[in-house]
Structures are given as C-alpha cells and as structure tokens.
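In what follows, a structure is listed as structure tokens, so that the remarks can point back to it.
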Amino acid sequence: MFENLTNKLESIFSKLKKAPSLNEEQVDSGLKEIRLALLEADVALPVVKEFIEQIKPKAIGQEIIRSTSPGQMLVKIVYDELVNFLGEKNKELNLNAVPPVCILLVGLQGSGKTTSAAKLAKLVETKYNKKVFLVSLDVYRPAAQEQLKILAEINQINHLPIMEGQQPLDITNRAINAAKLNGSDVIIFDTAGRTQIDLMMMNEIKQIKELLKPTETILVADSLTGQIAATVAKEFDAAVDISSIILTRVDGDGRGGAALSMKHITNKPIKYIGVGEKIDDLELFYPDRIANRILGMGDIVSLVEKASQGLDEEKIKKAEEQFKKGLFTLDDYLAQLRQMKKMGGMEGVLSLLPGVSKIKQQMENASIDEKIITTNEAIILSMTKKEREDPKVINGSRKKRIAAGAGADISTINKLLKQFKMMTEMMKKMSKGKTNQIPSGAIPDEILNQLK
Ligand SMILES: Nc1nc2c(ncn2[C@@H]2O[C@H](COP(=O)(O)OP(=O)(O)OP(=O)(O)O)[C@@H](O)[C@H]2O)c(=O)[nH]1
Ligand SMILES: [Mg+2]
C-alpha cells in the first residue's frame, strides 16, 4: 500500500514542470497524497490537518538534492518533520523524589496497564537498579488484583498483599507504609480501567494522585485504537495531567498513527512502547522508527540522506576507475577515510566498489569507530607525499617519525599499512578477476574486527 505512495508521488511530480526546488504546485499535490497516507496510518484528522499546514511552508522552496526526485525529497521532509513532531527519544523515567518514588499508571480498559505495570517494574529493577513494589488499585474488575499479583510472583517482583474489600485510597496509604517499611525505592501503581472517561473514576484518580504525588502519571494507551487514542489522551491529560505515555501493542498491525496523535495533542513524551505480551516486551520509544512505520518509507529516507551527504557522481566514477586500475595510494585511502566519516561507515566506501551489494549488509552491522578513522587520518597526514604514494619505502625510522607526528604508536601504523596492503591486493584481484563479486574472506577478519 505504501510503495504506492512513492509511485503516486512520482507520477504526480512527473506531470509537473521540472524545477530545481520544490514549488508550491508540487508541494500542494504531493501533500495531498501524504495527507491520505497519514489518515490511512490512523492519525487523527485534526492532527493531520495541522501537520500538513505546518509542513507546507517548510517544503516550498526546498532545494532538490541532485540524484533524488522531488517526490523523494518531499517524503524526506515529511519524515524529518514527523520525527521532530514525535519528540525526543529515550526520555528517561522521572525518578527524582524522596523514596519511595511513586509512579501511577492510568488508561482505558484493556489498554495494557496491568501488563505494562509489571514490565515497567522489571525494567526499573534491571535498568535503574531500584527495588520496586507493585500495587494494584483495581478493585472494580474481579481478579484484577490477582492478575498483577501473579505477574509479580512469576517475575519475582515485590508486591502488596491483597486485602479483600479494601478501597483504593486505603490501599494507597497501606502501600506507601509498606513500601517505606520494606525499603522499596519505587512503587508502581496499577489502576482500574475505564470503558470511557468516567467522571467518578477520574475523581478517584485525582484523589489518589494527590495522595501519592507521583513523579510520573503515565497514560497507557493502545496504539491500535488509532483515532480514539487522541481523544482519550486529551481527556486523561485534562483530568489528571499526565506526565508521559506508554504506547502498547506496537507489535500489532497498527500503523503508529496513534503515537503521532497523542504526542501532538498532549505534548507529553511517549517514553516506552509495548511490543508484546511478555515481561521484557517494553522498549524505549524511538521517534524515527514510528515515523518510518507511519510513512513506511525508510528506504527513501536513507537514500535522500545519503545523497545529501554530498557524494557526487564524479567522485564515485573517479574512485571506481582508480580501483579498477589497481591504482590506489594512501592519499586515496585518506580521501576514503574522510568519506567514510561523512557516510558513517565502511559500507559507504564499499558501495563505491562494483558488485559489493552482498557484503554491504554485513558491513552495515559493523558500525565504524570514529576514533580509528581519526587516528588513521592523522597517521597518513604525517607521511610525506612519497610515502603516501609508495608505502613500501616506509621503514623503521620513517615509522618513528610518523608515529611522533601523529601521536600514535608504531603498532597502529603497522596495522594501518597492513590493512592498506590487504585492500590494494583485494582491489587488484577484483579488477583482474572474471568475477565482479568480492570473494568471501577477501575482507580480512582483522579489518572487520577493527571496524566493530
Ligand atoms: N501484543 C501485545 N499485547 C499486549 C501488550 N500489552 C498488553 N497486552 C495484552 O493486552 C491484554 C490486556 O492487557 P492488560 O494489561 O490486562 O490491560 P489493562 O489495561 O490492565 O486492562 P484492564 O485492567 O481490564 O483495564 C492482555 O492480554 C495483555 O497480554 C503489548 O504491548 N502487545
Ligand atoms: Mg488491569
């Protein structure tokens, strides 16, 4: 469905006049399609409207980066704006209070509060190294308290023993006292679900909140509810002033539109997402992943990003010719290292070589250590022109001089020279060989390991 969005954009743009930057006509037509895509992703209508309005002036006049199309450019602009809209990633849980720190979970019936309470407890114990105490205030649904108790027991998390017939406010008081006595750092309170915004129950939450003074009042919301999510978030926020959001069932087939709606309407951060029923299925929220899900266009985005990093075609051609001839000096290597820094990895360099798509994936997983690049850069810069062109002349005394100049030790220089030698050999093999694939093992483990 979403591959269609690119196709649609491409066909719209091909009918319009070519321009060096996005003009109003292009943006208007393109945004119409984006609008539909957002609606299909279940983003609430008012949010879509506002979002599109906000994007329009930003998109008009944007230069179209060479080697990308206007359609791709627009997708990238929309994507960046979505990420922006969805807010900062990895927002830490607020635990800044005198222990026991209280966290209150609220939300509609069945949104995943109880499950999230247990998941969060486990996370706070493991990630923040705190002693957690789980408490259920759900006296309304039969067996709701047992549900949390069982989850706590299975996962060995401390929990408040159930006292039949006790009401939420009394349970709250009992919980705080018990937590103080047993030395808990954090208490996580699970509350009863509402089928809809129910005044009486909202008032109860307000009272509980006043008693607890929680550092976090987290709205647990189901990402599959799409449009409804926005209204729910708004009303909960108005009634009990939520501090953050946990979005559940992100593992389902919703398109993530709820995240955008909720974030936009409440302006409260989404801190975690639920991605399954198991205790460990709680992850930090990454706006770029959700933006990708909403738009379904990660490929285009990375394509435009690469293009905007300024790798122009001439450079690629020249490098390719050099490689084919087996002519490759340390100067070229230096240029590659710098390119690598820009492109963010070995993968970028290898993509210059013919027929490397196979190992590209492998390289993508090996993120490059910037420090190694910087050291290698310093080493090459400390060499004379002759040394760079013909590294064979680099003997012991030259190495000493280079080492002093680069502030590196001899073994690092040796490593670099060895790596360079292997690279040239590999290139020669490739340019001579009948095959245009890099033979497996041609990239020595040593290089791979260094890059890890
Ligand atoms: N796939 C998936 N299922 C989830 C997730 N979070 C919760 N669930 C499931 O959703 C169902 C309801 O979850 P609960 O935690 O009981 O929801 P609740 O908000 O406490 O429900 P009430 O107490 O009745 O209001 C359970 O079967 C959970 O296993 C999630 O992130 N992904
Ligand atoms: Mg529950």
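By order in the structure tokens, chains are A, B, ...; within a chain, residues start at 1; ligands start at 1, following the order shown.
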Could you list, as a list of chain:residue names, all residues that come within 6 Å of ligand 1? Count only C-alpha atoms and all ligand atoms.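 Written in the requested form, the residues are A:Leu108, A:Gln109, A:Gly110, A:Ser111, A:Gly112, A:Lys113, A:Thr114, A:Thr115, A:Ala192, A:Gly193, A:Thr248, A:Arg249, A:Val250, A:Asp251, A:Gly274, A:Val275, A:Gly276, A:Glu277.
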Apply DSSP to the structure's backbone, then extract all residues of region 39-99 of chain A labelled helix (DSSP H, G or I) and return them as an NGL selection string. :A and (39-40 or 45-59 or 70-86)
How would you write, as an mmCIF file with C-alpha atoms, in the first residue's frame, the set of residues no farther than 12 Å from ligand 2 when counting only C-alpha atoms and all ligand atoms?
data_model
loop_
_atom_site.group_PDB
_atom_site.id
_atom_site.type_symbol
_atom_site.label_atom_id
_atom_site.label_comp_id
_atom_site.auth_asym_id
_atom_site.auth_seq_id
_atom_site.Cartn_x
_atom_site.Cartn_y
_atom_site.Cartn_z
ATOM 1 C CA LEU A 105 -0.464 4.145 35.524
ATOM 2 C CA VAL A 106 -3.806 5.197 34.074
ATOM 3 C CA GLY A 107 -5.731 4.400 30.924
ATOM 4 C CA LEU A 108 -8.776 2.930 29.258
ATOM 5 C CA GLN A 109 -9.982 -0.585 29.933
ATOM 6 C CA GLY A 110 -7.807 -3.204 28.349
ATOM 7 C CA SER A 111 -5.167 -0.733 27.175
ATOM 8 C CA GLY A 112 -2.423 -2.771 28.822
ATOM 9 C CA LYS A 113 -1.975 -1.093 32.206
ATOM 10 C CA THR A 114 -1.504 -4.196 34.313
ATOM 11 C CA THR A 115 0.868 -5.817 31.838
ATOM 12 C CA SER A 116 2.787 -2.556 31.491
ATOM 13 C CA ALA A 117 2.999 -2.144 35.272
ATOM 14 C CA ALA A 118 4.810 -5.483 35.531
ATOM 15 C CA VAL A 135 0.453 -2.305 43.796
ATOM 16 C CA SER A 136 -2.941 -2.830 42.179
ATOM 17 C CA LEU A 137 -5.679 -0.314 42.918
ATOM 18 C CA ASP A 138 -8.160 -2.070 40.642
ATOM 19 C CA VAL A 139 -10.922 -3.139 42.987
ATOM 20 C CA TYR A 140 -13.555 -2.974 40.287
ATOM 21 C CA ARG A 141 -12.741 -5.765 37.879
ATOM 22 C CA PRO A 142 -12.907 -9.190 39.514
ATOM 23 C CA ALA A 143 -9.500 -10.815 39.806
ATOM 24 C CA ALA A 144 -7.705 -7.685 38.600
ATOM 25 C CA GLN A 145 -5.545 -7.573 41.725
ATOM 26 C CA GLU A 146 -4.750 -11.272 41.370
ATOM 27 C CA GLN A 147 -3.634 -10.665 37.801
ATOM 28 C CA LEU A 148 -0.946 -8.245 38.956
ATOM 29 C CA LYS A 149 -0.029 -10.455 41.892
ATOM 30 C CA LEU A 151 2.652 -11.322 37.198
ATOM 31 C CA PHE A 189 0.507 1.668 40.951
ATOM 32 C CA ASP A 190 -1.796 -0.077 38.518
ATOM 33 C CA THR A 191 -5.310 1.372 38.364
ATOM 34 C CA ALA A 192 -8.710 0.231 37.156
ATOM 35 C CA GLY A 193 -9.550 0.667 33.504
ATOM 36 C CA ARG A 194 -12.255 2.941 32.329
ATOM 37 C CA THR A 195 -14.517 1.971 29.451
ATOM 38 C CA VAL A 220 -1.099 3.615 28.955
#
From a DSSP calculation on the backbone, collect every residue of region 53-170 of chain A in strand (DSSP E) and output the set as a list in words.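 DSSP-assigned strand (DSSP E) residues in region 53-170 of chain A: Val101, Cys102, Ile103, Leu104, Leu105, Val106, Val132, Phe133, Leu134, Val135, Ser136, Asn158 and His159 of chain A.
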Do you have the CA of Thr225 (chain A)-CA of Leu45 (chain A) distance handy?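 These atoms are spaced 14.0 Å apart.
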Lys130 (chain A): which residues within 10 Å, counting only C-alpha atoms, same-chain residues fewer than 5 positions away excluded, as a list in words? Ala121, Lys122, Leu123, Val124, Glu125, Ser184, Asp185 and Val186 of chain A
I want to know what sits within 10 Å of Thr412 (chain A), based on only C-alpha atoms, with residues of the same chain fewer than 2 positions away left out; could you give that as JSON, numbers by chain? {"A": [372, 375, 376, 379, 403, 408, 409, 410, 414, 415, 416, 417, 418]}
If you keep N, CA and C atoms, can you produce a file of those selected residues as a PDB file, in the first residue's frame?
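Wrote again11.pdb, looks like this:
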ATOM      1  N   ILE A 372      39.115   5.308  15.283  1.00  0.00           N
ATOM      2  CA  ILE A 372      40.066   4.637  14.396  1.00  0.00           C
ATOM      3  C   ILE A 372      40.270   5.472  13.144  1.00  0.00           C
ATOM      4  N   THR A 375      42.481   8.500  13.970  1.00  0.00           N
ATOM      5  CA  THR A 375      43.889   8.133  14.151  1.00  0.00           C
ATOM      6  C   THR A 375      44.529   7.838  12.799  1.00  0.00           C
ATOM      7  N   ASN A 376      43.837   7.051  11.979  1.00  0.00           N
ATOM      8  CA  ASN A 376      44.391   6.723  10.671  1.00  0.00           C
ATOM      9  C   ASN A 376      44.598   7.977   9.824  1.00  0.00           C
ATOM     10  N   ILE A 379      47.709   9.651  10.972  1.00  0.00           N
ATOM     11  CA  ILE A 379      48.905   8.922  10.543  1.00  0.00           C
ATOM     12  C   ILE A 379      49.237   9.253   9.084  1.00  0.00           C
ATOM     13  N   ALA A 403      55.008   8.221  13.646  1.00  0.00           N
ATOM     14  CA  ALA A 403      54.361   7.967  14.939  1.00  0.00           C
ATOM     15  C   ALA A 403      54.392   9.226  15.801  1.00  0.00           C
ATOM     16  N   ALA A 408      50.650   8.588  17.505  1.00  0.00           N
ATOM     17  CA  ALA A 408      50.161   7.202  17.539  1.00  0.00           C
ATOM     18  C   ALA A 408      51.341   6.281  17.797  1.00  0.00           C
ATOM     19  N   ASP A 409      51.089   5.029  18.156  1.00  0.00           N
ATOM     20  CA  ASP A 409      52.259   4.159  18.307  1.00  0.00           C
ATOM     21  C   ASP A 409      52.513   3.333  17.043  1.00  0.00           C
ATOM     22  N   ILE A 410      53.722   2.778  17.009  1.00  0.00           N
ATOM     23  CA  ILE A 410      54.167   2.083  15.789  1.00  0.00           C
ATOM     24  C   ILE A 410      53.213   0.956  15.400  1.00  0.00           C
ATOM     25  N   ASN A 414      51.620   0.075  11.802  1.00  0.00           N
ATOM     26  CA  ASN A 414      51.746  -1.230  11.140  1.00  0.00           C
ATOM     27  C   ASN A 414      50.377  -1.775  10.751  1.00  0.00           C
ATOM     28  N   LYS A 415      49.460  -1.638  11.636  1.00  0.00           N
ATOM     29  CA  LYS A 415      48.106  -2.139  11.379  1.00  0.00           C
ATOM     30  C   LYS A 415      47.509  -1.450  10.165  1.00  0.00           C
ATOM     31  N   LEU A 416      47.680  -0.142  10.126  1.00  0.00           N
ATOM     32  CA  LEU A 416      47.133   0.630   9.014  1.00  0.00           C
ATOM     33  C   LEU A 416      47.777   0.216   7.695  1.00  0.00           C
ATOM     34  N   LEU A 417      49.100   0.044   7.728  1.00  0.00           N
ATOM     35  CA  LEU A 417      49.805  -0.333   6.494  1.00  0.00           C
ATOM     36  C   LEU A 417      49.358  -1.711   6.029  1.00  0.00           C
ATOM     37  N   LYS A 418      49.172  -2.587   6.983  1.00  0.00           N
ATOM     38  CA  LYS A 418      48.757  -3.949   6.642  1.00  0.00           C
ATOM     39  C   LYS A 418      47.349  -3.924   6.029  1.00  0.00           C
TER      40      LYS A 418
END
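With distances restricted to only C-alpha atoms, A:Leu295 is the closest residue to Glu40 (chain A) from A:Ala97, A:Ala221, A:Met423, A:Leu295.
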Can you work out the spacing between CA of Ser261 (chain A) and CA of Ala44 (chain A) in Å, to one decimal?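 CA of Ala44 (chain A) lies at a distance of 5.8 Å from CA of Ser261 (chain A).
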May I have the residues within 10 Å of Ala19 (chain A) as a tab-separated table (two decimals) with C-alpha atoms, in the first residue's frame, using only C-alpha atoms and disregarding those fewer than 2 positions away in the same chain?
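part07.tsv was written with the following content:
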chain	number	residue	atom	x	y	z
A	16	LEU	CA	4.55	18.86	-13.26
A	17	LYS	CA	7.22	21.14	-14.61
A	21	SER	CA	13.48	23.30	-5.86
A	22	LEU	CA	10.06	22.23	-4.66
A	23	ASN	CA	7.49	24.71	-5.86
A	26	GLN	CA	4.42	20.29	-6.39
A	61	GLY	CA	11.43	26.29	-1.92
A	63	GLU	CA	16.29	22.62	-2.94
A	64	ILE	CA	16.03	19.23	-4.61
A	70	PRO	CA	11.03	15.85	-5.95
Atom-to-atom span, CA of Lys206 (chain A) and CA of Leu282 (chain A), Å: 26.7 Å
Do you know which residues are at most 12 Å from Asn203 (chain A) counting only C-alpha atoms, after dropping those on the same chain fewer than 3 positions away, and could you put them as a ChimeraX atom specification? /A:168-169,197-200,206-210,236,239-240
Next, the residues of the selection above should be written as a compact mmCIF listing (two decimals), in the first residue's frame with N, CA and C atoms.
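Saved result, again_20.txt, follows:
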# COMPACT_ATOMS: atom_id res chain seq x y z
N PRO A 168 -9.54 1.80 47.08
CA PRO A 168 -8.29 2.33 46.50
C PRO A 168 -7.51 3.30 47.38
N LEU A 169 -8.19 4.28 48.00
CA LEU A 169 -7.44 5.25 48.80
C LEU A 169 -6.77 4.59 50.01
N ILE A 197 -14.25 7.84 29.48
CA ILE A 197 -13.87 8.77 30.53
C ILE A 197 -15.05 8.88 31.50
N ASP A 198 -14.82 8.39 32.68
CA ASP A 198 -15.87 8.25 33.66
C ASP A 198 -15.55 9.22 34.80
N LEU A 199 -16.46 10.16 35.04
CA LEU A 199 -16.19 11.23 35.99
C LEU A 199 -15.83 10.74 37.38
N MET A 200 -16.61 9.76 37.84
CA MET A 200 -16.39 9.30 39.20
C MET A 200 -15.00 8.68 39.35
N LYS A 206 -7.76 11.37 40.66
CA LYS A 206 -7.27 12.67 41.13
C LYS A 206 -6.90 12.62 42.61
N GLN A 207 -7.79 11.99 43.37
CA GLN A 207 -7.52 11.89 44.82
C GLN A 207 -6.28 11.05 45.09
N ILE A 208 -6.20 9.95 44.37
CA ILE A 208 -5.03 9.08 44.55
C ILE A 208 -3.76 9.85 44.20
N LYS A 209 -3.86 10.59 43.13
CA LYS A 209 -2.69 11.35 42.67
C LYS A 209 -2.25 12.36 43.74
N GLU A 210 -3.22 13.03 44.34
CA GLU A 210 -2.89 14.00 45.37
C GLU A 210 -2.17 13.36 46.54
N PHE A 236 -7.78 12.42 29.41
CA PHE A 236 -7.00 12.00 30.58
C PHE A 236 -6.05 13.12 31.01
N ALA A 239 -7.90 15.84 32.76
CA ALA A 239 -8.40 15.47 34.08
C ALA A 239 -7.29 15.23 35.10
N VAL A 240 -6.26 14.52 34.72
CA VAL A 240 -5.26 14.16 35.74
C VAL A 240 -3.84 14.61 35.40
Which of these, A:Thr172, A:Gln227, A:Asn267, A:Gln62, has the shortest distance to Leu39 (chain A) once you count only C-alpha atoms?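 Among A:Thr172, A:Gln227, A:Asn267, A:Gln62, it is A:Gln227 that comes nearest to Leu39 (chain A).
Nearest-residue note for Leu86 (chain A): choosing from A:Arg398, A:His264, A:Arg35, A:Lys56, the minimum distance belongs to A:His264, counting only C-alpha atoms.
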